[in-house]
Structures are given as C-alpha cells and as structure tokens.
file structure34.pdb (PDB, C-alpha atoms)
MODEL        1
ATOM      1  CA  MET D 267      26.523  15.657 -19.175
ATOM      2  CA  ILE D 268      29.340  13.648 -17.595
ATOM      3  CA  ALA D 269      26.829  11.197 -16.121
ATOM      4  CA  GLU D 270      25.211  10.690 -19.523
ATOM      5  CA  ALA D 271      28.611  10.082 -21.120
ATOM      6  CA  GLN D 272      29.443   7.536 -18.408
ATOM      7  CA  ARG D 273      26.143   5.782 -19.012
ATOM      8  CA  ALA D 274      26.689   5.624 -22.772
ATOM      9  CA  VAL D 275      30.172   4.136 -22.366
ATOM     10  CA  LEU D 276      29.023   1.535 -19.841
ATOM     11  CA  LEU D 277      25.999   0.502 -21.879
ATOM     12  CA  ALA D 278      28.210   0.057 -24.922
ATOM     13  CA  ALA D 279      30.552  -2.055 -22.792
ATOM     14  CA  SER D 280      27.673  -4.289 -21.713
ATOM     15  CA  ARG D 281      27.140  -5.289 -25.368
ATOM     16  CA  ASN D 282      30.802  -5.781 -26.262
ATOM     17  CA  SER D 283      31.581  -9.525 -26.365
ATOM     18  CA  ARG D 284      35.346  -9.025 -26.755
ATOM     19  CA  LEU D 285      35.461  -6.776 -23.725
ATOM     20  CA  ARG D 286      33.400  -9.319 -21.793
ATOM     21  CA  ASP D 287      36.017 -11.995 -22.533
ATOM     22  CA  VAL D 288      38.772  -9.753 -21.166
ATOM     23  CA  VAL D 289      36.789  -8.735 -18.103
ATOM     24  CA  GLU D 290      35.723 -12.287 -17.242
ATOM     25  CA  LYS D 291      39.358 -13.450 -17.113
ATOM     26  CA  ALA D 292      40.657 -10.601 -14.960
ATOM     27  CA  PRO D 293      41.292 -11.663 -11.315
ATOM     28  CA  VAL D 294      39.976  -8.358  -9.950
ATOM     29  CA  THR D 295      36.779  -8.753 -11.961
ATOM     30  CA  ARG D 296      36.263 -12.292 -10.682
ATOM     31  CA  ASP D 297      36.461 -10.933  -7.130
ATOM     32  CA  LEU D 298      33.908  -8.267  -8.020
ATOM     33  CA  VAL D 299      31.540 -10.775  -9.576
ATOM     34  CA  ARG D 300      31.777 -13.195  -6.660
ATOM     35  CA  ARG D 301      30.761 -10.406  -4.311
ATOM     36  CA  PHE D 302      27.774  -9.087  -6.259
ATOM     37  CA  VAL D 303      26.587 -12.159  -8.210
ATOM     38  CA  ALA D 304      25.989 -15.557  -6.598
ATOM     39  CA  GLY D 305      27.432 -17.510  -9.506
ATOM     40  CA  THR D 306      26.215 -19.019 -12.746
ATOM     41  CA  GLY D 307      23.995 -21.924 -11.691
ATOM     42  CA  ASP D 308      21.441 -23.227  -9.216
ATOM     43  CA  ASP D 309      24.118 -24.820  -7.043
ATOM     44  CA  HIS D 310      25.723 -21.425  -6.509
ATOM     45  CA  ALA D 311      22.361 -19.798  -5.786
ATOM     46  CA  LEU D 312      21.488 -22.418  -3.167
ATOM     47  CA  GLU D 313      24.898 -22.219  -1.544
ATOM     48  CA  VAL D 314      24.742 -18.426  -1.188
ATOM     49  CA  SER D 315      21.129 -18.595   0.003
ATOM     50  CA  ALA D 316      22.003 -21.092   2.711
ATOM     51  CA  ASP D 317      24.908 -18.926   3.863
ATOM     52  CA  LEU D 318      22.741 -15.798   4.054
ATOM     53  CA  ARG D 319      20.015 -17.658   5.954
ATOM     54  CA  SER D 320      22.627 -18.800   8.477
ATOM     55  CA  GLN D 321      23.272 -15.101   9.129
ATOM     56  CA  GLY D 322      19.596 -14.415   9.781
ATOM     57  CA  LEU D 323      18.994 -12.820   6.391
ATOM     58  CA  LEU D 324      16.111 -13.477   4.025
ATOM     59  CA  VAL D 325      16.719 -13.941   0.287
ATOM     60  CA  THR D 326      15.132 -13.274  -3.085
ATOM     61  CA  LEU D 327      16.784 -15.055  -6.018
ATOM     62  CA  ASP D 328      16.890 -13.506  -9.491
ATOM     63  CA  ARG D 329      17.908 -15.717 -12.400
ATOM     64  CA  LEU D 330      19.661 -13.274 -14.709
ATOM     65  CA  GLY D 331      18.412 -12.784 -18.248
ATOM     66  CA  GLU D 332      15.736 -10.631 -19.846
ATOM     67  CA  ASP D 333      14.304  -9.411 -23.153
ATOM     68  CA  VAL D 334      13.664 -12.958 -24.398
ATOM     69  CA  THR D 335      12.320 -12.866 -27.971
ATOM     70  CA  ASP D 336      11.776 -16.579 -28.552
ATOM     71  CA  GLU D 337       8.884 -18.483 -26.989
ATOM     72  CA  ALA D 338      10.972 -21.610 -26.477
ATOM     73  CA  ASP D 339      13.589 -19.574 -24.595
ATOM     74  CA  ALA D 340      10.848 -18.092 -22.399
ATOM     75  CA  GLU D 341       9.617 -21.589 -21.586
ATOM     76  CA  ALA D 342      13.170 -22.617 -20.718
ATOM     77  CA  VAL D 343      13.400 -19.743 -18.232
ATOM     78  CA  ARG D 344      10.043 -20.780 -16.756
ATOM     79  CA  ASP D 345      11.199 -24.375 -16.360
ATOM     80  CA  ALA D 346      14.472 -23.263 -14.797
ATOM     81  CA  TYR D 347      12.586 -21.332 -12.131
ATOM     82  CA  VAL D 348      10.310 -24.297 -11.453
ATOM     83  CA  GLY D 349      13.353 -26.524 -11.027
ATOM     84  CA  LEU D 350      15.005 -23.994  -8.708
ATOM     85  CA  LEU D 351      11.881 -23.755  -6.549
ATOM     86  CA  GLY D 352      11.778 -27.539  -6.273
ATOM     87  CA  ARG D 353      15.362 -27.623  -5.064
ATOM     88  CA  LEU D 354      14.757 -24.800  -2.564
ATOM     89  CA  SER D 355      11.811 -26.738  -1.169
ATOM     90  CA  ALA D 356      13.755 -29.993  -0.959
ATOM     91  CA  VAL D 357      16.409 -28.455   1.306
ATOM     92  CA  GLY D 358      13.961 -26.428   3.391
ATOM     93  CA  LEU D 359      15.088 -22.997   2.199
ATOM     94  CA  ALA D 360      11.671 -22.050   0.820
ATOM     95  CA  ASP D 361       9.825 -22.498   4.106
ATOM     96  CA  ASP D 362       7.708 -19.478   5.088
ATOM     97  CA  GLY D 363       9.086 -17.488   2.174
ATOM     98  CA  ASP D 364      12.574 -17.291   3.713
ATOM     99  CA  VAL D 365      13.994 -17.645   0.199
ATOM    100  CA  GLU D 366      11.700 -16.469  -2.582
ATOM    101  CA  VAL D 367      12.275 -15.689  -6.257
ATOM    102  CA  SER D 368      12.160 -12.500  -8.286
ATOM    103  CA  VAL D 369      11.057 -12.820 -11.909
ATOM    104  CA  LYS D 370      11.348 -10.489 -14.898
ATOM    105  CA  LEU D 371       8.390 -10.773 -17.260
ATOM    106  CA  SER D 372      10.629  -9.858 -20.194
ATOM    107  CA  ALA D 373      12.460 -13.135 -19.535
ATOM    108  CA  LEU D 374       9.136 -14.974 -19.755
ATOM    109  CA  GLY D 375       8.108 -13.619 -23.167
ATOM    110  CA  GLN D 376       6.620 -10.186 -22.466
ATOM    111  CA  ALA D 377       8.477  -8.762 -25.482
ATOM    112  CA  LEU D 378       6.977 -11.299 -27.929
ATOM    113  CA  GLY D 379       4.858  -8.798 -29.838
ATOM    114  CA  SER D 380       1.069  -8.840 -29.537
ATOM    115  CA  THR D 381       1.025 -12.170 -27.682
ATOM    116  CA  GLY D 382       3.866 -11.307 -25.331
ATOM    117  CA  GLU D 383       1.790 -10.307 -22.325
ATOM    118  CA  SER D 384      -0.346 -13.448 -22.415
ATOM    119  CA  VAL D 385       2.718 -15.669 -22.917
ATOM    120  CA  ALA D 386       4.458 -14.014 -19.966
ATOM    121  CA  LEU D 387       1.317 -14.355 -17.858
ATOM    122  CA  GLU D 388       1.004 -18.091 -18.469
ATOM    123  CA  ASN D 389       4.694 -18.710 -17.833
ATOM    124  CA  ALA D 390       4.562 -16.609 -14.665
ATOM    125  CA  ARG D 391       1.463 -18.498 -13.537
ATOM    126  CA  VAL D 392       3.385 -21.788 -13.702
ATOM    127  CA  ILE D 393       6.199 -20.299 -11.594
ATOM    128  CA  VAL D 394       3.773 -18.854  -9.060
ATOM    129  CA  GLU D 395       2.007 -22.186  -8.670
ATOM    130  CA  ALA D 396       5.360 -23.920  -8.178
ATOM    131  CA  ALA D 397       6.241 -21.341  -5.515
ATOM    132  CA  ALA D 398       2.929 -21.976  -3.750
ATOM    133  CA  LEU D 399       3.698 -25.698  -3.640
ATOM    134  CA  ALA D 400       7.172 -24.944  -2.293
ATOM    135  CA  GLY D 401       5.774 -22.710   0.454
ATOM    136  CA  THR D 402       7.343 -19.491  -0.771
ATOM    137  CA  THR D 403       6.522 -16.370  -2.787
ATOM    138  CA  VAL D 404       7.292 -14.646  -6.094
ATOM    139  CA  THR D 405       7.931 -10.971  -6.797
ATOM    140  CA  LEU D 406       7.533  -9.554 -10.309
ATOM    141  CA  ASP D 407      10.458  -7.253 -11.034
ATOM    142  CA  MET D 408       9.645  -3.932 -12.675
ATOM    143  CA  GLU D 409      11.648  -3.166 -15.787
ATOM    144  CA  ASP D 410      11.563  -0.442 -18.425
ATOM    145  CA  HIS D 411       8.961   2.287 -17.771
ATOM    146  CA  THR D 412       7.134   1.298 -20.979
ATOM    147  CA  THR D 413       6.190  -2.067 -19.449
ATOM    148  CA  VAL D 414       4.654  -0.796 -16.189
ATOM    149  CA  ASP D 415       1.023  -1.080 -17.284
ATOM    150  CA  SER D 416       1.566  -4.530 -18.790
ATOM    151  CA  THR D 417       3.347  -5.759 -15.667
ATOM    152  CA  LEU D 418       0.600  -4.462 -13.389
ATOM    153  CA  ARG D 419      -2.033  -6.169 -15.542
ATOM    154  CA  VAL D 420      -0.196  -9.480 -15.238
ATOM    155  CA  LEU D 421       0.147  -8.886 -11.500
ATOM    156  CA  GLU D 422      -3.601  -8.343 -11.127
ATOM    157  CA  GLN D 423      -4.395 -11.597 -12.886
ATOM    158  CA  LEU D 424      -1.873 -13.606 -10.878
ATOM    159  CA  ARG D 425      -3.169 -12.157  -7.632
ATOM    160  CA  ALA D 426      -6.668 -13.428  -8.385
ATOM    161  CA  ASP D 427      -5.469 -16.868  -7.245
ATOM    162  CA  HIS D 428      -2.313 -15.930  -5.325
ATOM    163  CA  PRO D 429      -2.748 -12.526  -3.654
ATOM    164  CA  TRP D 430       0.762 -12.671  -2.188
ATOM    165  CA  VAL D 431       2.517 -12.195  -5.555
ATOM    166  CA  GLY D 432       4.813  -9.226  -5.037
ATOM    167  CA  ALA D 433       4.982  -6.036  -7.082
ATOM    168  CA  VAL D 434       7.866  -3.617  -7.615
ATOM    169  CA  LEU D 435       7.312   0.123  -7.967
ATOM    170  CA  GLN D 436       9.906   2.772  -8.850
ATOM    171  CA  SER D 437       9.869   6.149  -7.113
ATOM    172  CA  GLN D 438      11.513   7.793 -10.111
ATOM    173  CA  LEU D 439       8.174   7.645 -11.958
ATOM    174  CA  ARG D 440       5.645  10.360 -11.201
ATOM    175  CA  ARG D 441       2.801   7.865 -11.376
ATOM    176  CA  THR D 442       4.189   5.684  -8.598
ATOM    177  CA  GLU D 443       2.573   7.447  -5.646
ATOM    178  CA  ALA D 444      -0.843   6.726  -7.183
ATOM    179  CA  ASP D 445       0.197   3.137  -7.925
ATOM    180  CA  CYS D 446       1.211   2.764  -4.267
ATOM    181  CA  ARG D 447      -2.258   3.869  -3.182
ATOM    182  CA  ASP D 448      -3.820   1.294  -5.493
ATOM    183  CA  LEU D 449      -1.590  -1.514  -4.211
ATOM    184  CA  ALA D 450      -1.435  -0.698  -0.473
ATOM    185  CA  THR D 451      -4.168  -3.226   0.271
ATOM    186  CA  ALA D 452      -4.391  -6.137   2.694
ATOM    187  CA  GLY D 453      -1.962  -8.918   1.800
ATOM    188  CA  SER D 454      -0.315  -6.914  -0.983
ATOM    189  CA  ARG D 455       3.477  -7.174  -1.074
ATOM    190  CA  VAL D 456       5.117  -4.103  -2.664
ATOM    191  CA  ARG D 457       8.848  -3.573  -3.143
ATOM    192  CA  LEU D 458       9.647   0.129  -3.415
ATOM    193  CA  CYS D 459      12.911   1.070  -5.129
ATOM    194  CA  LYS D 460      14.244   4.230  -6.707
ATOM    195  CA  GLY D 461      14.428   2.613 -10.132
ATOM    196  CA  ALA D 462      17.450   1.099 -11.810
ATOM    197  CA  TYR D 463      16.210   1.813 -15.326
ATOM    198  CA  ALA D 464      16.695   5.371 -16.547
ATOM    199  CA  PRO D 465      13.473   6.312 -18.366
ATOM    200  CA  THR D 466      13.110   9.033 -20.974
ATOM    201  CA  ASP D 467       9.419   9.423 -20.228
ATOM    202  CA  PRO D 468       8.560  13.065 -19.431
ATOM    203  CA  ASP D 469       6.540  11.811 -16.466
ATOM    204  CA  ALA D 470       9.697  10.583 -14.728
ATOM    205  CA  PHE D 471      11.740  12.532 -12.210
ATOM    206  CA  ASP D 472      15.262  13.105 -13.504
ATOM    207  CA  VAL D 473      16.822  14.878 -10.504
ATOM    208  CA  ALA D 474      18.113  12.771  -7.615
ATOM    209  CA  HIS D 475      16.535  14.758  -4.794
ATOM    210  CA  GLU D 476      13.153  14.627  -6.527
ATOM    211  CA  VAL D 477      13.421  10.832  -6.785
ATOM    212  CA  ASP D 478      14.263  10.689  -3.059
ATOM    213  CA  ARG D 479      11.323  12.907  -2.110
ATOM    214  CA  SER D 480       9.046  10.761  -4.232
ATOM    215  CA  TYR D 481      10.419   7.686  -2.448
ATOM    216  CA  VAL D 482       9.481   9.123   0.944
ATOM    217  CA  ARG D 483       5.982  10.092  -0.212
ATOM    218  CA  CYS D 484       5.450   6.589  -1.605
ATOM    219  CA  LEU D 485       6.863   5.021   1.545
ATOM    220  CA  LYS D 486       4.378   6.953   3.678
ATOM    221  CA  VAL D 487       1.524   5.604   1.556
ATOM    222  CA  LEU D 488       2.735   2.019   1.880
ATOM    223  CA  MET D 489       3.494   2.213   5.607
ATOM    224  CA  ASN D 490       0.056   3.678   6.302
ATOM    225  CA  GLY D 491      -1.652   1.094   4.093
ATOM    226  CA  ASP D 492      -2.740  -2.458   4.840
ATOM    227  CA  GLY D 493      -0.134  -4.201   2.692
ATOM    228  CA  TYR D 494       3.399  -5.472   3.270
ATOM    229  CA  PRO D 495       6.011  -2.832   2.314
ATOM    230  CA  MET D 496       9.399  -4.029   1.088
ATOM    231  CA  VAL D 497      11.862  -1.141   1.377
ATOM    232  CA  ALA D 498      14.583  -1.648  -1.228
ATOM    233  CA  SER D 499      17.326   0.882  -0.596
ATOM    234  CA  HIS D 500      20.952   1.201   0.484
ATOM    235  CA  ASP D 501      20.482   4.871   1.396
ATOM    236  CA  PRO D 502      21.031   5.248   5.174
ATOM    237  CA  THR D 503      18.680   8.230   5.335
ATOM    238  CA  LEU D 504      15.837   6.416   3.606
ATOM    239  CA  ILE D 505      16.359   3.363   5.803
ATOM    240  CA  GLU D 506      16.138   5.530   8.924
ATOM    241  CA  ILE D 507      12.983   7.171   7.586
ATOM    242  CA  ALA D 508      11.459   3.761   6.888
ATOM    243  CA  GLN D 509      12.155   2.587  10.440
ATOM    244  CA  ALA D 510      10.739   5.800  11.903
ATOM    245  CA  LEU D 511       7.583   5.543   9.811
ATOM    246  CA  ALA D 512       7.096   1.921  10.838
ATOM    247  CA  ARG D 513       7.366   2.928  14.500
ATOM    248  CA  ASP D 514       5.044   5.904  14.046
ATOM    249  CA  VAL D 515       2.245   3.825  12.534
ATOM    250  CA  GLY D 516       2.756   0.977  14.988
ATOM    251  CA  ARG D 517       3.828  -1.650  12.488
ATOM    252  CA  GLU D 518       5.040  -4.974  13.839
ATOM    253  CA  GLU D 519       8.467  -6.077  12.623
ATOM    254  CA  SER D 520       6.846  -8.992  10.780
ATOM    255  CA  SER D 521       4.666  -6.647   8.699
ATOM    256  CA  TRP D 522       7.399  -5.088   6.550
ATOM    257  CA  GLU D 523      10.992  -5.630   5.464
ATOM    258  CA  LEU D 524      14.177  -4.000   4.200
ATOM    259  CA  GLN D 525      15.976  -5.174   1.055
ATOM    260  CA  MET D 526      19.497  -4.686  -0.272
ATOM    261  CA  LEU D 527      21.596  -6.105  -3.097
ATOM    262  CA  LEU D 528      24.042  -8.936  -2.517
ATOM    263  CA  GLY D 529      27.472  -7.556  -1.626
ATOM    264  CA  VAL D 530      26.365  -4.003  -0.873
ATOM    265  CA  ARG D 531      26.806  -2.946   2.770
ATOM    266  CA  PRO D 532      26.843  -6.578   4.000
ATOM    267  CA  GLU D 533      27.753  -5.668   7.572
ATOM    268  CA  GLU D 534      24.851  -3.234   7.690
ATOM    269  CA  GLN D 535      22.563  -5.985   6.455
ATOM    270  CA  THR D 536      23.528  -8.293   9.312
ATOM    271  CA  ARG D 537      23.425  -5.417  11.827
ATOM    272  CA  LEU D 538      19.852  -4.567  10.865
ATOM    273  CA  ALA D 539      18.854  -8.228  11.020
ATOM    274  CA  ALA D 540      20.371  -8.477  14.505
ATOM    275  CA  LEU D 541      18.180  -5.549  15.554
ATOM    276  CA  GLY D 542      15.134  -7.582  14.608
ATOM    277  CA  ARG D 543      14.484  -6.095  11.184
ATOM    278  CA  ARG D 544      13.400  -8.416   8.399
ATOM    279  CA  MET D 545      16.326  -7.929   6.023
ATOM    280  CA  ARG D 546      16.138  -9.554   2.583
ATOM    281  CA  VAL D 547      19.088  -9.781   0.185
ATOM    282  CA  TYR D 548      18.492  -9.600  -3.577
ATOM    283  CA  VAL D 549      20.722 -12.336  -5.033
ATOM    284  CA  PRO D 550      21.286 -12.394  -8.810
ATOM    285  CA  PHE D 551      22.823 -15.446 -10.439
ATOM    286  CA  GLY D 552      23.262 -16.902 -13.909
ATOM    287  CA  GLU D 553      25.340 -16.816 -17.068
ATOM    288  CA  ASP D 554      24.244 -13.284 -17.944
ATOM    289  CA  TRP D 555      26.081 -11.699 -15.003
ATOM    290  CA  TYR D 556      28.306  -9.475 -17.166
ATOM    291  CA  ALA D 557      25.528  -7.471 -18.773
ATOM    292  CA  TYR D 558      23.705  -7.276 -15.436
ATOM    293  CA  LEU D 559      26.701  -5.898 -13.586
ATOM    294  CA  VAL D 560      27.646  -3.340 -16.227
ATOM    295  CA  ARG D 561      24.035  -2.162 -16.636
ATOM    296  CA  ARG D 562      23.781  -1.692 -12.894
ATOM    297  CA  LEU D 563      26.690   0.713 -13.161
ATOM    298  CA  ALA D 564      25.231   2.470 -16.185
ATOM    299  CA  GLU D 565      21.634   2.804 -15.094
ATOM    300  CA  ARG D 566      22.454   5.003 -12.135
ATOM    301  CA  PRO D 567      25.956   6.543 -12.061
ATOM    302  CA  ALA D 568      25.946   6.561  -8.259
ATOM    303  CA  ASN D 569      26.031   2.758  -8.453
ATOM    304  CA  LEU D 570      29.612   2.907  -9.715
ATOM    305  CA  ALA D 571      30.794   4.793  -6.646
ATOM    306  CA  LEU D 572      28.652   2.581  -4.418
ATOM    307  CA  LEU D 573      30.158  -0.623  -5.765
ATOM    308  CA  LEU D 574      33.695   0.736  -5.577
ATOM    309  CA  ARG D 575      33.170   1.846  -1.974
ATOM    310  CA  SER D 576      31.733  -1.566  -1.159
ATOM    311  CA  LEU D 577      34.849  -3.275  -2.502
ATOM    312  CA  GLY D 578      37.035  -1.192  -0.217
ATOM    313  CA  SER D 579      34.855  -1.467   2.862
ATOM    314  CA  ARG D 580      32.843  -4.139   4.647
ATOM    315  CA  ARG D 581      30.415  -1.514   6.014
TER     316      ARG D 581
ENDMDL
END
call {"tool": "encode", "arguments": {"input": "structure34.pdb", "output": "structure tokens"}}
result
Amino acid sequence: MIAEAQRAVLLAASRNSRLRDVVEKAPVTRDLVRRFVAGTGDDHALEVSADLRSQGLLVTLDRLGEDVTDEADAEAVRDAYVGLLGRLSAVGLADDGDVEVSVKLSALGQALGSTGESVALENARVIVEAAALAGTTVTLDMEDHTTVDSTLRVLEQLRADHPWVGAVLQSQLRRTEADCRDLATAGSRVRLCKGAYAPTDPDAFDVAHEVDRSYVRCLKVLMNGDGYPMVASHDPTLIEIAQALARDVGREESSWELQMLLGVRPEEQTRLAALGRRMRVYVPFGEDWYAYLVRRLAERPANLALLLRSLGSRR
C-alpha cells in the first residue's frame, strides 16, 4: 500500500510543470541529474560516451522522449538518431558496436492509432540502416506490457535484413520465459531486465522474489541458447548468477555482456570491466530528463533507495 502511494505521488510529480521548474533549479537536483542523465544534447551524449569508453566501458545511448502522437514529431526523433549515429561514426565511437543506441518505438510513432506500428517500423528501419553504416547496433527498448507483441513484430521485420537488432525482455511478465526461448537463436541480441514499467496485466508477476526467480529462469534459457545475452541488472546476486551460468555453459567473454544504468554503482561497473567482463552503460540524455528520472523512481520503489544510496556512495 505504501509502495503504491509512493508511485502515485511520484507519477503525479512527473507531470507537474511547476514542480519541474523548481526541481530543475535546485543545486542538489542538478547534481543528481548530472550523475544519472548525460545532459540535454548530442554534445553531452558524445562527451559522456567518450569518457566511459576511456574507462573500458561500452555504451548504449537513449535519447529521452516517448509516447509521440504526431507523425512529424516521430520523424524528428528518427532524424535526431540518424544525426547522432553519424556523429558517433565520425569520431570513431561507433566502431564494433562500442557505442550503440537504444530506441523506444513509442517515440517513433507506435502510438499513432491503426498506422502506428507501420510508422514506427519505417522510422526504426531508417535508424537501423544508419547504424549499419556507422558500424554499430540498435536495441529496441521494451515499454508498456500492452506493446510487447507490437514491438516483437517490428523486431522480426527489422531482423530480416539486420539480424543483430537487439530486443529487450522483462522478467516481470509471465510470458517472458517463452519469449526468451523464441529469441535465443544464433546472432540474436537480447537484453533481459526486470522491467521498469509496472503492468496491471494479470499475467505479470507482482511480487519481487517472483520477478527475481523469473529472471533467473529466463537467464538460464538465454545463456544456454545460441544468442547474445545482455544482462541488465544492478542486483549483485543476479550478476553473480549470470557469471556462474556463463562459466557453466562455457561461454566466451565476448559472447555476452552486463548492463547497468549511468551513475548506478559506477565503481562496480569499472571493476567488472577490469575483470574482463563486457560491461555496457545505459546512458539517457535529452530535454525530457525530468519525467524520465521521476518515472524511474515511481516505476519500481526500490529505485528510490537505489538512487539515494548511489548518491552517498561510489560503490
């Protein structure tokens, strides 16, 4: 009950423009934003990416913004990604997928009624082709549970020409273990996360330990499959399990990776990279940072404690 009340308050805060103005001007908030969001523009994204690469970390860039309901706005997002990929290529950051991009289909027009899926597909196709030219990859973020089937359909069509397009699956959904089996194929890149969006679907797990157990079951499927698992978690136990599973099935270090959010456990990120793990940092940037940050706190109450601990510790 307390968690639900927290979520309701935070979600309301994410839509409050007056509160945003106050928060944006607070020195403490600026420090928080700088740690967890790369900045508002491409220059910031490239600067942070270059810094992370110098530490031996891989990067996926997410241009903040979603739920676009105007086709022109969706095209603007598409063009912004194409421009970003061109700049990454020009400075050598895109080589071998060292810095890739993560894309939300809702930002590319998925919510545009009956034509939304096809609009999002065509916009995503342009981004994927630009990534191919740049020498890097694209991962389709998973959003609200109601869009899973649509997102997987778009993924299938994009993979017809570019089989390396990445998928994201959420262990909080009961269906995900089966989806992992379908996607654990040669060349398939799959990011497994717990799920930042809190679904109301009766087929979703709503107890933390059930989500964790689902995560491990899904991880076993991916590690035993022929694809490329991307383990997105800050949970030390799940990270240890992932490393143990990789050893047990004889995976080479180059055949899977760990992923964490920018600013969360940064010293652990560099420690794991120093051990030879492929460690990728999810780097959000853009003008819509306020709603992103507040929703991250609301979507999973544990995020609030996690972010607060991260501010007080470099571990």
call {"tool": "atom_distance", "arguments": {"input": "structure34.pdb", "atom1": "CA of Ala342 in chain D", "atom2": "CA of Val385 in chain D"}}
result
12.7 Å
call {"tool": "closest_residue", "arguments": {"input": "structure34.pdb", "among": "D:Asp328, D:Ser320, D:Arg483, D:Glu383", "to": "Thr306 in chain D", "atoms": "all atoms listed in the file"}}
result
D:Asp328
call {"tool": "closest_residue", "arguments": {"input": "structure34.pdb", "among": "D:Ala396, D:Arg447, D:Ala390, D:Ser384", "to": "Ser416 in chain D", "atoms": "all atoms listed in the file"}}
result
D:Ser384
call {"tool": "closest_residue", "arguments": {"input": "structure34.pdb", "among": "D:Ala540, D:Ala450, D:Val497, D:Leu528", "to": "Ala304 in chain D", "atoms": "all atoms listed in the file"}}
result
D:Leu528
call {"tool": "resolve_selection", "arguments": {"input": "structure34.pdb", "expression": "the PyMOL selection byres ((chain D and resi 492) around 10)", "output": "MDAnalysis selection string"}}
result
chainID D and resid 449:455 487:491 493:495 521
call {"tool": "resolve_selection", "arguments": {"input": "structure34.pdb", "expression": "the PyMOL selection byres ((chain D and resi 473) around 12)", "output": "PDB file with C-alpha atoms, in the coordinates of the input"}}
result
ATOM      1  CA  SER D 437       9.869   6.149  -7.113  1.00  0.00           C
ATOM      2  CA  GLN D 438      11.513   7.793 -10.111  1.00  0.00           C
ATOM      3  CA  LEU D 439       8.174   7.645 -11.958  1.00  0.00           C
ATOM      4  CA  LYS D 460      14.244   4.230  -6.707  1.00  0.00           C
ATOM      5  CA  ALA D 464      16.695   5.371 -16.547  1.00  0.00           C
ATOM      6  CA  ALA D 470       9.697  10.583 -14.728  1.00  0.00           C
ATOM      7  CA  PHE D 471      11.740  12.532 -12.210  1.00  0.00           C
ATOM      8  CA  ASP D 472      15.262  13.105 -13.504  1.00  0.00           C
ATOM      9  CA  ALA D 474      18.113  12.771  -7.615  1.00  0.00           C
ATOM     10  CA  HIS D 475      16.535  14.758  -4.794  1.00  0.00           C
ATOM     11  CA  GLU D 476      13.153  14.627  -6.527  1.00  0.00           C
ATOM     12  CA  VAL D 477      13.421  10.832  -6.785  1.00  0.00           C
ATOM     13  CA  ASP D 478      14.263  10.689  -3.059  1.00  0.00           C
ATOM     14  CA  ARG D 479      11.323  12.907  -2.110  1.00  0.00           C
ATOM     15  CA  SER D 480       9.046  10.761  -4.232  1.00  0.00           C
ATOM     16  CA  ARG D 566      22.454   5.003 -12.135  1.00  0.00           C
TER      17      ARG D 566
END
call {"tool": "residues_around", "arguments": {"input": "structure34.pdb", "residues": "Gln509 in chain D", "least_positions_apart": "6", "cutoff": "10 Å", "atoms": "only C-alpha atoms", "output": "PyMOL selection string"}}
result
chain D and resi 489+497+517+519+522-524+543
call {"tool": "residues_around", "arguments": {"input": "structure34.pdb", "residues": "Tyr548 in chain D", "least_positions_apart": "3", "cutoff": "12 Å", "atoms": "all atoms listed in the file", "output": "number ranges by chain"}}
result
D: 302-304, 311, 314-315, 318, 323-330, 365-369, 405, 407, 457, 496-500, 524-530, 532, 535, 545, 551
call {"tool": "resolve_selection", "arguments": {"input": "structure34.pdb", "expression": "the PyMOL selection byres ((chain D and resi 433) around 6)", "output": "PyMOL selection string"}}
result
chain D and resi 405-406+432+434+456
call {"tool": "write_last_selection", "arguments": {"input": "structure34.pdb", "atoms": "C-alpha atoms", "output": "compact mmCIF listing (two decimals), keeping the file's coordinate frame"}}
result
# COMPACT_ATOMS: atom_id res chain seq x y z
CA THR D 405 7.93 -10.97 -6.80
CA LEU D 406 7.53 -9.55 -10.31
CA GLY D 432 4.81 -9.23 -5.04
CA VAL D 434 7.87 -3.62 -7.62
CA VAL D 456 5.12 -4.10 -2.66
call {"tool": "closest_residue", "arguments": {"input": "structure34.pdb", "among": "D:Ala340, D:Ala377, D:Val547, D:Ala539", "to": "Thr412 in chain D", "atoms": "only C-alpha atoms"}}
result
D:Ala377
call {"tool": "atom_distance", "arguments": {"input": "structure34.pdb", "atom1": "CA of Leu435 in chain D", "atom2": "CA of Leu458 in chain D"}}
result
5.1 Å
call {"tool": "atom_distance", "arguments": {"input": "structure34.pdb", "atom1": "CA of Arg391 in chain D", "atom2": "CA of Leu424 in chain D"}}
result
6.5 Å
call {"tool": "residues_around", "arguments": {"input": "structure34.pdb", "residues": "Leu378 in chain D", "least_positions_apart": "5", "cutoff": "9 Å", "atoms": "only C-alpha atoms", "output": "PDB file with C-alpha atoms, in the frame of the given file"}}
result
ATOM      1  CA  ASP D 333      14.304  -9.411 -23.153  1.00  0.00           C
ATOM      2  CA  VAL D 334      13.664 -12.958 -24.398  1.00  0.00           C
ATOM      3  CA  THR D 335      12.320 -12.866 -27.971  1.00  0.00           C
ATOM      4  CA  ASP D 336      11.776 -16.579 -28.552  1.00  0.00           C
ATOM      5  CA  GLU D 337       8.884 -18.483 -26.989  1.00  0.00           C
ATOM      6  CA  SER D 372      10.629  -9.858 -20.194  1.00  0.00           C
ATOM      7  CA  GLU D 383       1.790 -10.307 -22.325  1.00  0.00           C
ATOM      8  CA  VAL D 385       2.718 -15.669 -22.917  1.00  0.00           C
ATOM      9  CA  ALA D 386       4.458 -14.014 -19.966  1.00  0.00           C
TER      10      ALA D 386
END
